[in-house]
Structure formats: structure tokens, C-alpha cells
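Asker: Pasting a structure here, questions to come.
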2 protein chains.
Amino acid sequence: MRLYGYFRSSAAYRVRIALNLKGLACEQVPVNLIKGEQRDAAHLARHPQGLVPVLETDDGTRLTQSLAICEYLDERHPAPPLLPADAEGRARVRALAQLIACEIHPLDNLRVLGYLTGELGIGEDARLAWYRHWIAEGFAALETQLAGTPATRACCHGDTPSLADVCLVPQVFNARRFDCDLGAYPTLERIVAHLETLPAFAEARPERQPDAA
Amino acid sequence: MRLYGYFRSSAAYRVRIALNLKGLACEQVPVNLIKGEQRDAAHLARHPQGLVPVLETDDGTRLTQSLAICEYLDERHPAPPLLPADAEGRARVRALAQLIACEIHPLDNLRVLGYLTGELGIGEDARLAWYRHWIAEGFAALETQLAGTPATRACCHGDTPSLADVCLVPQVFNARRFDCDLGAYPTLERIVAHLETLPAFAEARPERQPDAA
């Protein structure tokens with residue numbers, strides 16, 4: 001398999017964690033988002049939207065969208081599972097993952113921040129306020145959902161990492177980069193502190209990737 | 001089951017389609033987003049982020065995030081399936097659904113448009129341009145992914161509706177509301193024209209809901 005990604009892409013980071021949790025070998029091919037390589041013809045042929053990650057399977061099938069890729073890996077390589085065994089548990093884990101992937105990350109990624117400063121001409125302070133607003137709103141909801149139930153244990157759901165944890169760690173990494181205050185989210189911070197001790201998460205960190213600056 | 005939604009919410013519209021495709025009865029409880037009922041204590045107890053939809057199951061479990069809810073319904077009520085039988089097909093359908101749910105819809109929903117006009121003070125023209133920009137970028141990528149493969153047939157994947165179609169129809173409905181020009185996306189328009197003839201989709205339309213203005 002081959003993963004087209006970028007060391008600091010939150011979505012590529014998710015897939016790296018999932019691959020590591022499954023113990024799967026995968027060649028990493030960097031696509032430099034700062035240099036604009038995602039808009040090169042070669043990458044657009046892989047992903048018409050010019051985004052990362054793209055996972056190329058051994059038979060050449062190209063998969064896009066990080067959550068779809070993670071579920072594919074989970075179906076093809078079921079152990080250890082990224083989703084609980086019961087339908088209600090799976091719905092909870094998917095909802096936590098989607099709270100991050102559909103409500104926070106899409107608003108704070110590179111192309112959106114670029115539109116705000118480019119087309120809308122907003123300044124640095126307003127851009128930072130935008131970033132932190134969606135982190136704060138999303139993390140507050142996440143904290144409530146995590147703290148309010150015994151289903152949350154060492155990880156977001158139970159004691160082993162799930163798709164929710166796969167999404168949480170990259171989003172917290174990004175929030176720290178933008179100096180977001182995370183003090184109001186103790187459950188979230190406790191879970192992340194635990195996850196960061198696990199090799200699958202540690203080895204997926206941006207600074208450990210071949211294309212890290 | 002009970003669905004807390006709003007007639008014009010794209011995410012609630014997805015769940016209505018899924019319920020109809022499965023032939024499931026469900027009580028609809030409107031949460032008026034324009035009047036701000038999503039921020040009432042009663043609704044925040046159901047969903048700490050103050051969003052719709054929330055699906056309450058018969059045992060009182062509350063499920064959030066429309067895609068997680070649709071996958072839950074698909075697991076609990078497998079016929080007719082919302083996902084193909086093969087892992088690659090499922091990955092494709094989930095990626096198409098997520099292209100809409102993670103790349104288009106989050107940027108164009110009410111709370112984001114509200115932030116643009118409120119906190120950032122952008123005018124009506126810039127707000128419309130923002131809306132149409134993310135529709136155009138997302139639909140162009142979707143058109144390429146749909147037109148470029150024989151897997152696309154009457155529907156986004158094969159000849160029966162999948163999770164991708166469940167997301168597509170509400171997003172096109174919203175794009176039309178904002179007078180987006182869809183002429184550049186013939187495959188997408190052809191599929192939507194077909195889906196709109198199906199009762200499950202027709203009965204889920206916003207104007208047919210009890211809380212429609």
C-alpha cells in the first residue's frame with residue numbers, strides 16, 4: 001500500500017494512526033501542501049479535489065476521505081478493531097469521530113483559512129479567532145459527550161483505541177499548534193495523554209514523518 | 001423512534017431519506033433552527049452541540065451525527081442496504097458521502113454563515129460567494145469522481161440508492177436554494193433527477209415536512 005499524505009495534514013495523520021494500530025506496512029509518499037503539490041496534475045489524477053490523504057491499495061485502487069479509508073482498513077484487517085462490537089457503540093464512536101471530522105476540522109483546514117485571508121481579506125487576529133472558535137465549540141461538545149458517560153474509559157470508548165481516538169489526537173495536535181487553551185476539556189486531555197503513550201500514536205506524529213521540516 | 005430535526009436541515013433530510021428507504025416509521029419532532037430552539041436547554045440535553053438531527057431509539061438511546069445515524073439504521077435494518085457488499089465499494093460510497101458531509105456541508109451551514117455575517121461582518125454578496133465557492137469546488141470533484149467510472153449507474157454507486165445518494169439530494173436541494181448554477185455537473189444532475197422520482201426521496205423533501213413554513 002501507498003499513502004499520499006503530508007506530515008501536518010490532520011486527515012493523513014488519522015490514517016497513519018489507523019495503519020499503525022493495525023500493524024500494516026505502507027509506503028509514505030509526501031505531497032507538500034505548502035508548495036501546492038496537491039494541485040499538480042499528478043496528484044489531481046489521484047484525487048480530483050486535490051486533497052490528502054489518498055491510500056493506494058496493492059491492486060492500485062485509490063481510496064479517499066480519511067474516515068472511509070480507516071473503515072476500509074478496519075474491514076480488511078479486523079484486528080484490533082477500530083469500532084465496538086455493538087451497533088449502539090459503533091454509532092457512538094462514529095458520531096464522536098464525525099463531530100471532529102465534520103464539525104471542527106473542515107472549518108479549520110488550510111484551504112478554508114486560505115479563503116478567509118485571501119478572498120475575504122480578514123486579518124491574522126480574526127483568522128486565529130475563527131480557528132479557535134470552532135475548536136472551542138467542538139471540543140466543548142466533545143468534552144460533554146465524553147465526560148457524561150461510563151462508556152468513556154481510558155480511551156474515548158472503552159479501554160482500546162477506536163476511530164474516535166484516531167480523529168481526536170490529530171485535532172488536539174492542531175489545536176496546540178494554534179495555541180488553543182485546552183484547560184476546559186479535562187477528559188479530552190486525559191484521554192490524549194494516554195493515547196500519546198501508545199506507539200501507534202507516537203510513531204504517527206507529524207514530526208516523525210519523512211517529510212517533516 | 002423519534003427524530004429531532006428541522007425541515008430544511010440538510011443533515012436531518014439525510015436521515016429522513018434513510019428512514020424512508022428502510023420503510024421505518026419515526027415520529028418527527030421539529031426543532032426550529034431559525035427561532036434558535038436548538039440552543040434551548042431541552043435540546044442541549046439531547047445534543048450538547050445544539051445541532052440536529054438527533055435520533056432517539058425506542059430504548060431512549062440518543063444518536064447524533066447524520067452519517068453515524070444512517071450507518072446505525074443500516075446495521076439494525078439491513079434491507080435494502082445503504083452500502084455495497086464489497087469493501088472497495090463501501091469505501092467508495094463512504095468517500096462520496098464524506099466528500100459532501102465533510103468538505104461541502106460543514107462550510108455552508110447556518111452557524112458558519114452566521115459567523116461570517118455576525119463576527120466577521122461580511123456582506124450579502126461575499127456570503128453568497130462563499131456559499132457558492134464550496135458548492136462549486138465540491139461538486140466539481142464529485143462530478144469527476146462520478147463521471148469517471150462505470151461503478152456510477154442510475155445512482156452514485158450502482159442502480160440502488162446508497163449513503164452517497166442520501167447525502168447528494170439534500171446538498172443539491174440546498175445548492176438550488178442559493179441559486180447555484182449546476183450546469184457543469186451533468187452526471188450529478190442526472191442522478192438527482194432519477195432519485196427525485198423515488199418515493200423515499202420525494203417524501204423526505206423539506207416542503208413535505210410537518211414544520212415546513
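Going through the C-alpha cells in order, the chains are called A, B, and so on, while each chain numbers its residues from 1 and the ligands are numbered from 1 in the order shown.
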Only residues of chain A matter here; which ones have an atom within 9 Å of chain B, counting only C-alpha atoms? Give them as a PyMOL selection string.
Answerer: chain A and resi 47-50+61+63-69+71-72+75-76+87-88+90-96+98-99+101-107+112+115+119-120+122+126+130+137-138+140-142+144-145
Asker: Include N, CA and C atoms and write out the residues we just selected as a CSV table (one decimal), in the first residue's frame.
Answerer:
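Dumped to again-v4.csv:
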chain,number,residue,atom,x,y,z
A,47,HIS,N,-6.6,12.4,-7.0
A,47,HIS,CA,-7.7,12.9,-6.1
A,47,HIS,C,-8.1,14.2,-6.8
A,48,PRO,N,-9.3,14.2,-7.5
A,48,PRO,CA,-9.7,15.4,-8.3
A,48,PRO,C,-9.9,16.6,-7.4
A,49,GLN,N,-10.0,16.5,-6.1
A,49,GLN,CA,-10.2,17.6,-5.3
A,49,GLN,C,-8.9,18.2,-4.8
A,50,GLY,N,-7.8,17.5,-5.1
A,50,GLY,CA,-6.5,18.0,-4.7
A,50,GLY,C,-6.3,18.0,-3.2
A,61,THR,N,-6.2,0.3,-6.5
A,61,THR,CA,-7.4,1.1,-6.1
A,61,THR,C,-7.0,2.3,-5.3
A,63,LEU,N,-8.2,5.1,-2.7
A,63,LEU,CA,-9.3,5.5,-1.7
A,63,LEU,C,-9.0,6.8,-1.2
A,64,THR,N,-10.1,7.6,-1.0
A,64,THR,CA,-10.0,9.0,-0.5
A,64,THR,C,-10.9,9.1,0.7
A,65,GLN,N,-10.8,10.2,1.4
A,65,GLN,CA,-11.5,10.5,2.6
A,65,GLN,C,-11.0,9.7,3.8
A,66,SER,N,-10.4,10.3,4.7
A,66,SER,CA,-9.7,9.6,5.8
A,66,SER,C,-10.6,8.6,6.6
A,67,LEU,N,-11.9,9.0,6.9
A,67,LEU,CA,-12.7,8.1,7.7
A,67,LEU,C,-13.1,6.9,6.9
A,68,ALA,N,-13.4,7.1,5.6
A,68,ALA,CA,-13.7,6.0,4.7
A,68,ALA,C,-12.5,5.0,4.6
A,69,ILE,N,-11.3,5.6,4.5
A,69,ILE,CA,-10.1,4.8,4.5
A,69,ILE,C,-9.9,4.0,5.7
A,71,GLU,N,-12.2,3.0,7.8
A,71,GLU,CA,-13.2,1.9,7.9
A,71,GLU,C,-12.8,0.8,6.9
A,72,TYR,N,-12.3,1.1,5.8
A,72,TYR,CA,-11.8,0.1,4.8
A,72,TYR,C,-10.7,-0.7,5.5
A,75,GLU,N,-12.2,-3.1,7.9
A,75,GLU,CA,-12.9,-4.2,7.4
A,75,GLU,C,-12.0,-5.2,6.8
A,76,ARG,N,-10.9,-4.7,6.2
A,76,ARG,CA,-9.9,-5.7,5.6
A,76,ARG,C,-9.0,-6.3,6.6
A,87,ALA,N,-24.0,-2.2,17.8
A,87,ALA,CA,-24.4,-1.2,16.9
A,87,ALA,C,-24.5,0.2,17.6
A,88,GLU,N,-25.0,0.2,18.9
A,88,GLU,CA,-25.0,1.5,19.6
A,88,GLU,C,-23.6,2.0,19.8
A,90,ARG,N,-20.9,1.4,18.0
A,90,ARG,CA,-20.4,1.9,16.8
A,90,ARG,C,-21.0,3.2,16.4
A,91,ALA,N,-22.3,3.4,16.6
A,91,ALA,CA,-22.9,4.7,16.3
A,91,ALA,C,-22.2,5.8,17.2
A,92,ARG,N,-22.0,5.5,18.5
A,92,ARG,CA,-21.3,6.5,19.3
A,92,ARG,C,-19.9,6.8,18.9
A,93,VAL,N,-19.1,5.8,18.5
A,93,VAL,CA,-17.8,6.1,18.1
A,93,VAL,C,-17.8,6.8,16.8
A,94,ARG,N,-18.6,6.4,15.9
A,94,ARG,CA,-18.7,7.2,14.6
A,94,ARG,C,-19.1,8.6,14.8
A,95,ALA,N,-20.1,8.8,15.7
A,95,ALA,CA,-20.5,10.2,16.0
A,95,ALA,C,-19.4,11.0,16.6
A,96,LEU,N,-18.6,10.5,17.5
A,96,LEU,CA,-17.5,11.2,18.1
A,96,LEU,C,-16.5,11.6,17.0
A,98,GLN,N,-17.1,11.8,13.8
A,98,GLN,CA,-17.7,12.8,12.9
A,98,GLN,C,-17.8,14.2,13.5
A,99,LEU,N,-18.0,14.2,14.8
A,99,LEU,CA,-18.0,15.5,15.5
A,99,LEU,C,-16.7,16.3,15.1
A,101,ALA,N,-14.5,15.3,12.5
A,101,ALA,CA,-14.3,15.3,11.1
A,101,ALA,C,-15.3,16.1,10.3
A,102,CYS,N,-16.5,16.3,10.8
A,102,CYS,CA,-17.5,17.1,10.1
A,102,CYS,C,-17.8,18.4,10.7
A,103,GLU,N,-17.4,18.6,12.0
A,103,GLU,CA,-17.8,19.9,12.6
A,103,GLU,C,-16.6,20.8,13.0
A,104,ILE,N,-15.5,20.2,13.1
A,104,ILE,CA,-14.3,21.0,13.5
A,104,ILE,C,-13.3,21.2,12.4
A,105,HIS,N,-12.8,20.0,12.0
A,105,HIS,CA,-11.7,20.0,11.0
A,105,HIS,C,-12.0,20.7,9.7
A,106,PRO,N,-13.2,20.5,9.1
A,106,PRO,CA,-13.4,21.2,7.8
A,106,PRO,C,-13.4,22.7,7.9
A,107,LEU,N,-13.6,23.3,9.0
A,107,LEU,CA,-13.6,24.7,9.1
A,107,LEU,C,-12.2,25.3,9.4
A,112,VAL,N,-9.6,26.5,3.8
A,112,VAL,CA,-10.6,27.4,4.3
A,112,VAL,C,-9.9,28.7,4.9
A,115,TYR,N,-8.9,30.9,2.1
A,115,TYR,CA,-10.0,31.7,1.6
A,115,TYR,C,-10.3,32.9,2.5
A,119,GLU,N,-9.5,35.6,-0.3
A,119,GLU,CA,-10.8,36.2,-0.8
A,119,GLU,C,-11.5,37.2,0.1
A,120,LEU,N,-11.5,36.9,1.4
A,120,LEU,CA,-12.2,37.7,2.3
A,120,LEU,C,-11.4,38.8,3.0
A,122,ILE,N,-9.5,38.8,5.6
A,122,ILE,CA,-9.5,39.0,7.0
A,122,ILE,C,-8.1,39.0,7.6
A,126,ALA,N,-8.3,37.9,13.3
A,126,ALA,CA,-9.6,37.3,13.0
A,126,ALA,C,-9.5,35.9,12.6
A,130,TRP,N,-11.2,32.8,14.4
A,130,TRP,CA,-12.0,31.8,13.7
A,130,TRP,C,-11.6,30.4,14.1
A,137,GLU,N,-15.9,25.5,20.3
A,137,GLU,CA,-17.2,25.0,20.2
A,137,GLU,C,-17.3,23.4,20.1
A,138,GLY,N,-16.4,22.9,19.2
A,138,GLY,CA,-16.4,21.5,19.0
A,138,GLY,C,-15.9,20.7,20.2
A,140,ALA,N,-15.9,21.7,23.4
A,140,ALA,CA,-16.8,21.8,24.5
A,140,ALA,C,-17.9,20.7,24.4
A,141,ALA,N,-18.4,20.5,23.1
A,141,ALA,CA,-19.4,19.4,22.9
A,141,ALA,C,-18.8,18.1,23.1
A,142,LEU,N,-17.6,17.9,22.6
A,142,LEU,CA,-16.9,16.6,22.8
A,142,LEU,C,-16.6,16.3,24.3
A,144,THR,N,-18.3,17.3,26.8
A,144,THR,CA,-19.6,16.9,27.4
A,144,THR,C,-20.0,15.5,27.1
A,145,GLN,N,-19.8,15.2,25.8
A,145,GLN,CA,-20.2,13.8,25.4
A,145,GLN,C,-19.3,12.8,26.0
Asker: Between B:Tyr4, B:Arg190, B:Leu128, B:Val15, which is the closest to Arg205 (chain B) once you count only C-alpha atoms?
Answerer: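 The answer is B:Val15, which sits nearest to Arg205 (chain B).
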Asker: Could you check how far CA of Arg2 (chain B) sits from CA of Leu163 (chain A), in Å to one decimal?
Answerer: 26.6 Å
Asker: Using DSSP assignments from the backbone, pull out every residue in region 1-212 of chain A that falls under alpha helix (DSSP H) and give it to me as a ChimeraX atom specification.
Answerer: /A:10-22,41-46,66-76,87-98,110-117,124-147,163-177,186-195,199-202
Asker: Measure the distance from CA of Gly5 (chain A) to CA of Asn32 (chain A) in Å and round it to one decimal.
Answerer: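 Straight-line distance from CA of Gly5 (chain A) to CA of Asn32 (chain A) works out to 8.1 Å.
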Asker: Pick out the residues sitting within 7 Å of Val166 (chain A), and hand them over as a PyMOL selection string; count only C-alpha atoms, and ignore anything fewer than 4 positions along from it in its own chain.
Answerer: chain A and resi 14+17-18+162
Asker: So the first atom is CA of Leu82 (chain A) and the second is CA of Met1 (chain B); what is the distance between them in Å, to one decimal place?
Answerer: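 Between CA of Leu82 (chain A) and CA of Met1 (chain B) the gap is 27.3 Å.
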